[in-house]
Amino acid sequence: MILSALLRISLPILLGYALKKIRYFPEEHYGSVQLFCIRVATPALIFMSLYTADMSTVQQFLPVSLSVFLFSGIGWLIAVGGTALFRIRRHRAEIILILIFNNVGYIGWAVLNTILGDGGLRRGIFISSFWMPNLYLYSILTLLVCGGDGSLKGEGRRIAVNLLPALAAVFLGLGLNLGGLKVHGDLIYFFNSFGDMTVSLILFTVGMSISVRDSIADLRRLLPLTFIRTALSFCAISLTILILPMLDETSRKSLYIETVMPVATGNLIMSHVFGLDNRFVSSAIALSTLVSFVTIPVMVGIFTS
C-alpha cells in the first residue's frame with residue numbers, strides 16, 4: 001500500500017509534466033488551476049475531512065492541532081536561524097518553506113493508516129485540520145523575515161480571500177461533527193466531488209511547473225535539503241512531544257512518522273501567492289517525493305518490526 005500511495009502521488013505529476021511537454025495543456029493556465037484548488041477544492045476537502053472524522057478520540061484533537069503550530073514554529077526558528085547563519089540569500093524564503101512543511105495530508109494519511117490503522121488515520125486528519133492556516137501563518141512570517149511586505153496591502157487582500165474559505169471549512173466541519181448535525185446526502189456528494197480532486201490537481205500543477213533541466217541544475221542545492229529537512233523535522237517534533245505531554249502514544253507515533261513525508265505540495269500554492277520561484281519549489285517537491293520511496297519504507301519497517 002505504501003508503494004501504491006507513492007505511485008498515486010507520482011502519476012499526476014508525470015501527467016502534468018507530459019502534457020506540458022507536448023503542449024496539450026498550456027502551462028500559463030496552471031495558476032488558475034491553483035486558485036481553484038485554494039478557494040474551492042481545498043475548503044471542500046477540509047470540511048469533509050472534519051465532518052466525517054471519528055471524534056471518539058476528540059480529547060486528542062486540541063493537543064494534536066496545537067502540536068502542528070508548535071513543531072512548525074520550532075522548525076521555522078531553526079530554518080530562519082540556519083539560513084541566516086550560513087548567509088543564504090538566493091531562494092531563502094523557498095528554502096525555509098521547503099524545510100518546515102511536509103506532506104502531512106495525502107500521502108501522510110495513507111502511511112499513517114497503513115502503520116497505525118484507524119487511530120493513525122484520525123491523527124492524520126487532526127494534524128491536517130489547521131494545516132492551511134498554519135501554512136499561511138509561517139509563510140507570511142517567512143516573507144517578512146526575508147524582506148517582503150507582510151502588511152494587508154495588495155497581496156494581503158488576496159491572502160485573506162484565500163485563507164477565509166479554509167478557516168470557515170475547519171470550523172463548520174468540526175462544529176457540525178461535534179454537534180451531531182446531519183448534512184443532506186446531496187450536499188455531501190457535492191462537497192466530496194470537489195474535495196476529491198484537490199490533491200490530484202495540485203500535483204498536476206507540480207508536474208506542469210517542473211523543468212528537468214532546471215531540476216538537474218538545482219540538484220546540488222536540493223539534495224542535501226531533502227535530508228536536512230528530515231533531521232530538522234525530527235528535532236522539532238521531539239521538542240514538541242516534550243512540551244506537550246498530553247499527547248498519547250498514537251499521536252506521538254503519528255507525528256514521528258510525518259517527519260519522513262515529502263515536501264508539502266501546499267508550498268507550491270504559497271509560492272504562487274507570494275510570487276516566489278515556482279520552478280525551484282516544484283523541483284524540491286519532485287526530488288523529495290523520489291527520496292521518500294526510500295525513507296517511508298524505512299519508517300514503516302521501524303514501526304512494524
# chains A, B, ... in the order shown; residues from 1 in each chain; ligands from 1
>>> residues_around(residues="Ala231 of chain A", least_positions_apart="6", cutoff="10 Å", atoms="only C-alpha atoms", output="number ranges by chain")
A: 99, 225, 259-260
>>> closest_residue(among="A:Ile302, A:Leu164, A:Ala93, A:Met197", to="Gly147 of chain A", atoms="only C-alpha atoms")
A:Ala93
>>> residues_around(residues="Phe171 of chain A", least_positions_apart="5", cutoff="12 Å", atoms="only C-alpha atoms", output="list in words")
Pro43, Ile46, Phe47, Met48, Ser49, Leu50, Tyr51, Ser129, Phe130, Leu164, Pro165, Ala166, Leu176, Asn177, Leu178 and Gly179 of chain A
>>> write_last_selection(atoms="C-alpha atoms", output="short mmCIF file (atom, residue, chain, number, x, y, z; two decimals), in the first residue's frame")
data_model
loop_
_atom_site.label_atom_id
_atom_site.label_comp_id
_atom_site.auth_asym_id
_atom_site.auth_seq_id
_atom_site.Cartn_x
_atom_site.Cartn_y
_atom_site.Cartn_z
CA PRO A 43 -12.01 24.06 1.63
CA ILE A 46 -11.11 20.19 4.78
CA PHE A 47 -14.86 20.36 5.51
CA MET A 48 -15.47 16.73 4.59
CA SER A 49 -12.38 15.53 6.49
CA LEU A 50 -13.58 17.13 9.73
CA TYR A 51 -17.28 16.49 9.25
CA SER A 129 -7.19 20.28 10.26
CA PHE A 130 -5.44 23.62 10.73
CA LEU A 164 -11.02 32.59 4.88
CA PRO A 165 -12.68 29.68 2.99
CA ALA A 166 -10.24 27.21 4.57
CA LEU A 176 -21.38 20.05 12.62
CA ASN A 177 -19.49 16.91 13.63
CA LEU A 178 -19.38 17.74 17.35
CA GLY A 179 -22.98 18.95 17.29
#
>>> residues_around(residues="Ser288 of chain A", least_positions_apart="3", cutoff="12 Å", atoms="only C-alpha atoms", output="number ranges by chain")
A: 6, 9-10, 98-99, 101-103, 215, 219, 222-230, 260-265, 281-285, 291-296
>>> write_last_selection(atoms="N, CA and C atoms", output="mmCIF file, in the first residue's frame")
data_model
loop_
_atom_site.group_PDB
_atom_site.id
_atom_site.type_symbol
_atom_site.label_atom_id
_atom_site.label_comp_id
_atom_site.auth_asym_id
_atom_site.auth_seq_id
_atom_site.Cartn_x
_atom_site.Cartn_y
_atom_site.Cartn_z
ATOM 1 N N LEU A 6 2.649 6.105 -3.002
ATOM 2 C CA LEU A 6 3.680 6.886 -3.678
ATOM 3 C C LEU A 6 3.403 6.982 -5.175
ATOM 4 N N ILE A 9 0.900 9.599 -5.979
ATOM 5 C CA ILE A 9 1.464 10.957 -5.976
ATOM 6 C C ILE A 9 2.214 11.213 -7.281
ATOM 7 N N SER A 10 2.939 10.209 -7.742
ATOM 8 C CA SER A 10 3.805 10.391 -8.905
ATOM 9 C C SER A 10 3.033 10.529 -10.209
ATOM 10 N N ILE A 98 10.461 24.937 2.283
ATOM 11 C CA ILE A 98 10.773 23.552 1.934
ATOM 12 C C ILE A 98 11.210 22.771 3.175
ATOM 13 N N LEU A 99 11.961 23.421 4.057
ATOM 14 C CA LEU A 99 12.481 22.751 5.244
ATOM 15 C C LEU A 99 11.413 22.422 6.272
ATOM 16 N N PHE A 101 7.748 22.388 5.941
ATOM 17 C CA PHE A 101 6.420 21.872 5.625
ATOM 18 C C PHE A 101 6.487 20.543 4.886
ATOM 19 N N ASN A 102 5.917 19.512 5.514
ATOM 20 C CA ASN A 102 5.865 18.175 4.931
ATOM 21 C C ASN A 102 4.467 17.873 4.408
ATOM 22 N N ASN A 103 4.375 16.859 3.564
ATOM 23 C CA ASN A 103 3.089 16.442 3.004
ATOM 24 C C ASN A 103 2.350 15.593 4.044
ATOM 25 N N SER A 215 15.796 21.247 -12.755
ATOM 26 C CA SER A 215 15.899 20.352 -11.604
ATOM 27 C C SER A 215 17.301 19.792 -11.474
ATOM 28 N N LEU A 219 19.975 20.335 -8.420
ATOM 29 C CA LEU A 219 20.181 19.095 -7.664
ATOM 30 C C LEU A 219 21.210 19.265 -6.557
ATOM 31 N N LEU A 222 19.423 21.092 -3.755
ATOM 32 C CA LEU A 222 18.216 20.483 -3.203
ATOM 33 C C LEU A 222 18.460 19.131 -2.534
ATOM 34 N N LEU A 223 19.409 18.357 -3.042
ATOM 35 C CA LEU A 223 19.613 17.022 -2.488
ATOM 36 C C LEU A 223 19.995 17.061 -1.001
ATOM 37 N N PRO A 224 20.940 17.915 -0.585
ATOM 38 C CA PRO A 224 21.218 17.987 0.863
ATOM 39 C C PRO A 224 19.992 18.441 1.664
ATOM 40 N N LEU A 225 19.166 19.319 1.089
ATOM 41 C CA LEU A 225 17.992 19.807 1.806
ATOM 42 C C LEU A 225 16.996 18.694 2.115
ATOM 43 N N THR A 226 16.910 17.700 1.228
ATOM 44 C CA THR A 226 15.946 16.625 1.453
ATOM 45 C C THR A 226 16.274 15.823 2.710
ATOM 46 N N PHE A 227 17.564 15.747 3.060
ATOM 47 C CA PHE A 227 17.957 15.024 4.265
ATOM 48 C C PHE A 227 18.014 15.963 5.475
ATOM 49 N N ILE A 228 18.408 17.204 5.252
ATOM 50 C CA ILE A 228 18.424 18.184 6.344
ATOM 51 C C ILE A 228 17.026 18.391 6.902
ATOM 52 N N ARG A 229 16.020 18.466 6.007
ATOM 53 C CA ARG A 229 14.648 18.720 6.446
ATOM 54 C C ARG A 229 14.102 17.571 7.282
ATOM 55 N N THR A 230 14.525 16.337 7.000
ATOM 56 C CA THR A 230 14.085 15.200 7.818
ATOM 57 C C THR A 230 14.657 15.301 9.221
ATOM 58 N N VAL A 260 9.153 11.913 7.769
ATOM 59 C CA VAL A 260 9.776 11.429 6.534
ATOM 60 C C VAL A 260 8.890 11.675 5.305
ATOM 61 N N MET A 261 7.811 12.434 5.482
ATOM 62 C CA MET A 261 6.964 12.741 4.339
ATOM 63 C C MET A 261 7.675 13.711 3.384
ATOM 64 N N PRO A 262 7.319 13.694 2.092
ATOM 65 C CA PRO A 262 7.941 14.612 1.126
ATOM 66 C C PRO A 262 7.560 16.069 1.405
ATOM 67 N N VAL A 263 8.194 16.976 0.676
ATOM 68 C CA VAL A 263 7.855 18.401 0.758
ATOM 69 C C VAL A 263 6.373 18.591 0.445
ATOM 70 N N ALA A 264 5.707 19.419 1.217
ATOM 71 C CA ALA A 264 4.268 19.642 1.045
ATOM 72 C C ALA A 264 3.960 20.296 -0.299
ATOM 73 N N THR A 265 2.941 19.764 -0.979
ATOM 74 C CA THR A 265 2.518 20.388 -2.235
ATOM 75 C C THR A 265 1.924 21.773 -1.979
ATOM 76 N N VAL A 281 10.604 25.417 -6.197
ATOM 77 C CA VAL A 281 9.755 24.685 -5.246
ATOM 78 C C VAL A 281 9.267 23.373 -5.858
ATOM 79 N N SER A 282 8.863 23.406 -7.116
ATOM 80 C CA SER A 282 8.404 22.190 -7.791
ATOM 81 C C SER A 282 9.510 21.149 -7.867
ATOM 82 N N SER A 283 10.729 21.596 -8.124
ATOM 83 C CA SER A 283 11.866 20.673 -8.172
ATOM 84 C C SER A 283 12.087 20.021 -6.811
ATOM 85 N N ALA A 284 11.922 20.809 -5.736
ATOM 86 C CA ALA A 284 12.092 20.271 -4.385
ATOM 87 C C ALA A 284 11.019 19.229 -4.074
ATOM 88 N N ILE A 285 9.781 19.498 -4.477
ATOM 89 C CA ILE A 285 8.690 18.545 -4.252
ATOM 90 C C ILE A 285 8.960 17.244 -5.003
ATOM 91 N N VAL A 291 12.893 10.654 -3.089
ATOM 92 C CA VAL A 291 13.649 10.202 -1.914
ATOM 93 C C VAL A 291 12.738 9.459 -0.944
ATOM 94 N N SER A 292 11.461 9.863 -0.877
ATOM 95 C CA SER A 292 10.522 9.228 0.052
ATOM 96 C C SER A 292 10.252 7.769 -0.299
ATOM 97 N N PHE A 293 10.550 7.369 -1.540
ATOM 98 C CA PHE A 293 10.425 5.962 -1.909
ATOM 99 C C PHE A 293 11.382 5.104 -1.074
ATOM 100 N N VAL A 294 12.405 5.740 -0.495
ATOM 101 C CA VAL A 294 13.354 5.043 0.369
ATOM 102 C C VAL A 294 13.028 5.291 1.831
ATOM 103 N N THR A 295 12.805 6.562 2.207
ATOM 104 C CA THR A 295 12.636 6.906 3.618
ATOM 105 C C THR A 295 11.338 6.368 4.218
ATOM 106 N N ILE A 296 10.253 6.354 3.458
ATOM 107 C CA ILE A 296 8.975 5.886 4.000
ATOM 108 C C ILE A 296 9.012 4.383 4.290
#
>>> closest_residue(among="A:Ile257, A:Ile237, A:Met132, A:Ala84", to="Ala169 of chain A", atoms="only C-alpha atoms")
A:Met132
>>> closest_residue(among="A:Leu255, A:Leu66, A:Met270, A:Leu247", to="Ile202 of chain A", atoms="only C-alpha atoms")
A:Met270
>>> closest_residue(among="A:Gly16, A:Gly180, A:Gly207, A:Gly75", to="Phe234 of chain A", atoms="only C-alpha atoms")
A:Gly75
>>> residues_around(residues="Val33 of chain A", least_positions_apart="3", cutoff="9 Å", atoms="only C-alpha atoms", output="list in words")
His29, Tyr30, Phe36, Cys37, Ile38, Leu201, Ile202 and Thr205 of chain A
>>> write_last_selection(atoms="N, CA and C atoms", output="JSON list (two decimals), in the first residue's frame")
[["chain", "number", "residue", "atom", "x", "y", "z"],
["A", 29, "HIS", "N", -1.79, 28.35, -17.80],
["A", 29, "HIS", "CA", -3.08, 28.22, -17.12],
["A", 29, "HIS", "C", -2.98, 27.54, -15.75],
["A", 30, "TYR", "N", -1.77, 27.09, -15.39],
["A", 30, "TYR", "CA", -1.69, 26.33, -14.14],
["A", 30, "TYR", "C", -1.98, 27.22, -12.92],
["A", 36, "PHE", "N", -8.22, 27.65, -8.10],
["A", 36, "PHE", "CA", -9.39, 26.81, -7.91],
["A", 36, "PHE", "C", -9.18, 25.87, -6.72],
["A", 37, "CYS", "N", -7.97, 25.31, -6.63],
["A", 37, "CYS", "CA", -7.65, 24.43, -5.51],
["A", 37, "CYS", "C", -7.74, 25.17, -4.18],
["A", 38, "ILE", "N", -7.19, 26.38, -4.14],
["A", 38, "ILE", "CA", -7.13, 27.14, -2.90],
["A", 38, "ILE", "C", -8.52, 27.56, -2.44],
["A", 201, "LEU", "N", -5.17, 17.68, -8.54],
["A", 201, "LEU", "CA", -4.98, 18.93, -9.28],
["A", 201, "LEU", "C", -3.71, 19.65, -8.86],
["A", 202, "ILE", "N", -3.44, 19.67, -7.55],
["A", 202, "ILE", "CA", -2.22, 20.32, -7.07],
["A", 202, "ILE", "C", -0.99, 19.61, -7.61],
["A", 205, "THR", "N", -0.35, 20.40, -11.20],
["A", 205, "THR", "CA", 0.34, 21.67, -11.42],
["A", 205, "THR", "C", 1.81, 21.58, -11.04]]
>>> select_by_dssp(residues="segment 89-256 of chain A", states="helix (DSSP H, G or I)", output="PyMOL selection string")
chain A and resi 92-100+106-116+118-129+131-145+155-179+185-195+198-209+212-243+249-256
>>> write_last_selection(atoms="C-alpha atoms", output="CSV table (one decimal), in the first residue's frame")
chain,number,residue,atom,x,y,z
A,92,ARG,CA,16.0,31.9,1.1
A,93,ALA,CA,12.2,32.1,1.5
A,94,GLU,CA,11.7,29.0,-0.7
A,95,ILE,CA,14.3,27.0,1.3
A,96,ILE,CA,12.7,27.9,4.6
A,97,LEU,CA,9.3,26.7,3.4
A,98,ILE,CA,10.8,23.6,1.9
A,99,LEU,CA,12.5,22.8,5.2
A,100,ILE,CA,9.5,23.1,7.5
A,106,TYR,CA,-2.5,13.0,1.3
A,107,ILE,CA,0.4,10.6,1.5
A,108,GLY,CA,0.7,11.2,5.2
A,109,TRP,CA,-2.8,9.8,5.8
A,110,ALA,CA,-2.1,6.7,3.7
A,111,VAL,CA,1.1,5.9,5.5
A,112,LEU,CA,-0.4,6.5,9.0
A,113,ASN,CA,-3.4,4.3,8.1
A,114,THR,CA,-1.1,1.5,6.9
A,115,ILE,CA,1.2,1.6,10.0
A,116,LEU,CA,-1.2,2.6,12.8
A,118,ASP,CA,-7.8,3.9,12.0
A,119,GLY,CA,-6.2,5.6,15.0
A,120,GLY,CA,-3.3,6.8,13.0
A,121,LEU,CA,-5.6,8.0,10.2
A,122,ARG,CA,-7.6,10.0,12.7
A,123,ARG,CA,-4.4,11.7,14.0
A,124,GLY,CA,-3.5,12.5,10.4
A,125,ILE,CA,-6.8,14.3,10.0
A,126,PHE,CA,-6.3,16.1,13.2
A,127,ILE,CA,-2.8,17.2,12.1
A,128,SER,CA,-4.2,18.4,8.8
A,129,SER,CA,-7.2,20.3,10.3
A,131,TRP,CA,-2.7,23.0,8.2
A,132,MET,CA,-3.7,25.7,5.8
A,133,PRO,CA,-3.9,28.5,8.5
A,134,ASN,CA,-0.6,27.2,9.8
A,135,LEU,CA,0.9,27.2,6.3
A,136,TYR,CA,-0.2,30.8,5.7
A,137,LEU,CA,1.0,32.0,9.1
A,138,TYR,CA,4.6,30.8,8.7
A,139,SER,CA,4.6,31.7,5.1
A,140,ILE,CA,3.8,35.3,6.0
A,141,LEU,CA,6.4,35.3,8.7
A,142,THR,CA,8.9,33.9,6.3
A,143,LEU,CA,8.1,36.7,3.8
A,144,LEU,CA,8.6,39.3,6.5
A,145,VAL,CA,12.0,37.8,7.6
A,155,GLU,CA,-1.2,40.8,-1.9
A,156,GLY,CA,-2.6,40.9,1.7
A,157,ARG,CA,-6.2,41.1,0.4
A,158,ARG,CA,-5.6,38.2,-1.8
A,159,ILE,CA,-4.1,36.2,1.1
A,160,ALA,CA,-7.2,36.9,3.2
A,161,VAL,CA,-9.6,35.8,0.4
A,162,ASN,CA,-7.6,32.6,0.0
A,163,LEU,CA,-7.4,31.9,3.8
A,164,LEU,CA,-11.0,32.6,4.9
A,165,PRO,CA,-12.7,29.7,3.0
A,166,ALA,CA,-10.2,27.2,4.6
A,167,LEU,CA,-10.8,28.6,8.1
A,168,ALA,CA,-14.6,28.6,7.6
A,169,ALA,CA,-14.4,24.9,6.4
A,170,VAL,CA,-12.5,23.9,9.6
A,171,PHE,CA,-15.0,25.4,12.0
A,172,LEU,CA,-18.1,24.4,10.0
A,173,GLY,CA,-17.0,20.8,9.6
A,174,LEU,CA,-15.8,20.5,13.2
A,175,GLY,CA,-18.9,22.2,14.6
A,176,LEU,CA,-21.4,20.1,12.6
A,177,ASN,CA,-19.5,16.9,13.6
A,178,LEU,CA,-19.4,17.7,17.3
A,179,GLY,CA,-23.0,18.9,17.3
A,185,GLY,CA,-26.7,13.4,1.2
A,186,ASP,CA,-26.8,15.6,-2.0
A,187,LEU,CA,-24.6,18.2,-0.2
A,188,ILE,CA,-22.2,15.5,0.9
A,189,TYR,CA,-21.9,14.4,-2.7
A,190,PHE,CA,-21.4,18.0,-3.8
A,191,PHE,CA,-18.6,18.7,-1.3
A,192,ASN,CA,-16.9,15.3,-2.0
A,193,SER,CA,-17.0,15.9,-5.7
A,194,PHE,CA,-14.8,19.0,-5.3
A,195,GLY,CA,-12.7,17.8,-2.3
A,198,THR,CA,-7.8,18.7,-4.7
A,199,VAL,CA,-4.6,16.7,-4.3
A,200,SER,CA,-4.6,15.4,-7.9
A,201,LEU,CA,-5.0,18.9,-9.3
A,202,ILE,CA,-2.2,20.3,-7.1
A,203,LEU,CA,0.1,17.5,-8.1
A,204,PHE,CA,-0.8,18.1,-11.7
A,205,THR,CA,0.3,21.7,-11.4
A,206,VAL,CA,3.6,20.5,-9.8
A,207,GLY,CA,4.2,18.4,-12.9
A,208,MET,CA,3.4,21.4,-15.1
A,209,SER,CA,6.0,23.5,-13.2
A,212,VAL,CA,14.1,18.6,-15.9
A,213,ARG,CA,17.0,20.9,-17.0
A,214,ASP,CA,16.4,23.2,-14.1
A,215,SER,CA,15.9,20.4,-11.6
A,216,ILE,CA,19.3,18.9,-12.6
A,217,ALA,CA,20.8,22.4,-12.2
A,218,ASP,CA,19.3,22.6,-8.7
A,219,LEU,CA,20.2,19.1,-7.7
A,220,ARG,CA,23.4,20.1,-5.9
A,221,ARG,CA,21.4,22.5,-3.6
A,222,LEU,CA,18.2,20.5,-3.2
A,223,LEU,CA,19.6,17.0,-2.5
A,224,PRO,CA,21.2,18.0,0.9
A,225,LEU,CA,18.0,19.8,1.8
A,226,THR,CA,15.9,16.6,1.5
A,227,PHE,CA,18.0,15.0,4.3
A,228,ILE,CA,18.4,18.2,6.3
A,229,ARG,CA,14.6,18.7,6.4
A,230,THR,CA,14.1,15.2,7.8
A,231,ALA,CA,16.6,15.8,10.6
A,232,LEU,CA,15.0,19.2,11.3
A,233,SER,CA,11.5,17.8,11.4
A,234,PHE,CA,12.7,15.0,13.8
A,235,CYS,CA,14.2,17.6,16.2
A,236,ALA,CA,11.2,19.9,16.1
A,237,ILE,CA,8.7,17.1,16.7
A,238,SER,CA,10.8,15.6,19.5
A,239,LEU,CA,10.8,19.0,21.3
A,240,THR,CA,7.0,19.4,20.7
A,241,ILE,CA,6.3,16.0,22.3
A,242,LEU,CA,8.4,17.0,25.3
A,243,ILE,CA,6.4,20.3,25.6
A,249,GLU,CA,1.2,7.1,22.2
A,250,THR,CA,-0.7,7.0,18.9
A,251,SER,CA,-0.4,10.8,18.5
A,252,ARG,CA,3.4,10.7,19.2
A,253,LYS,CA,4.0,7.9,16.7
A,254,SER,CA,1.9,9.7,14.1
A,255,LEU,CA,4.0,12.9,14.5
A,256,TYR,CA,7.3,11.0,14.2
>>> closest_residue(among="A:Gln34, A:Thr52, A:Ser211, A:Thr42", to="Val183 of chain A", atoms="only C-alpha atoms")
A:Thr52
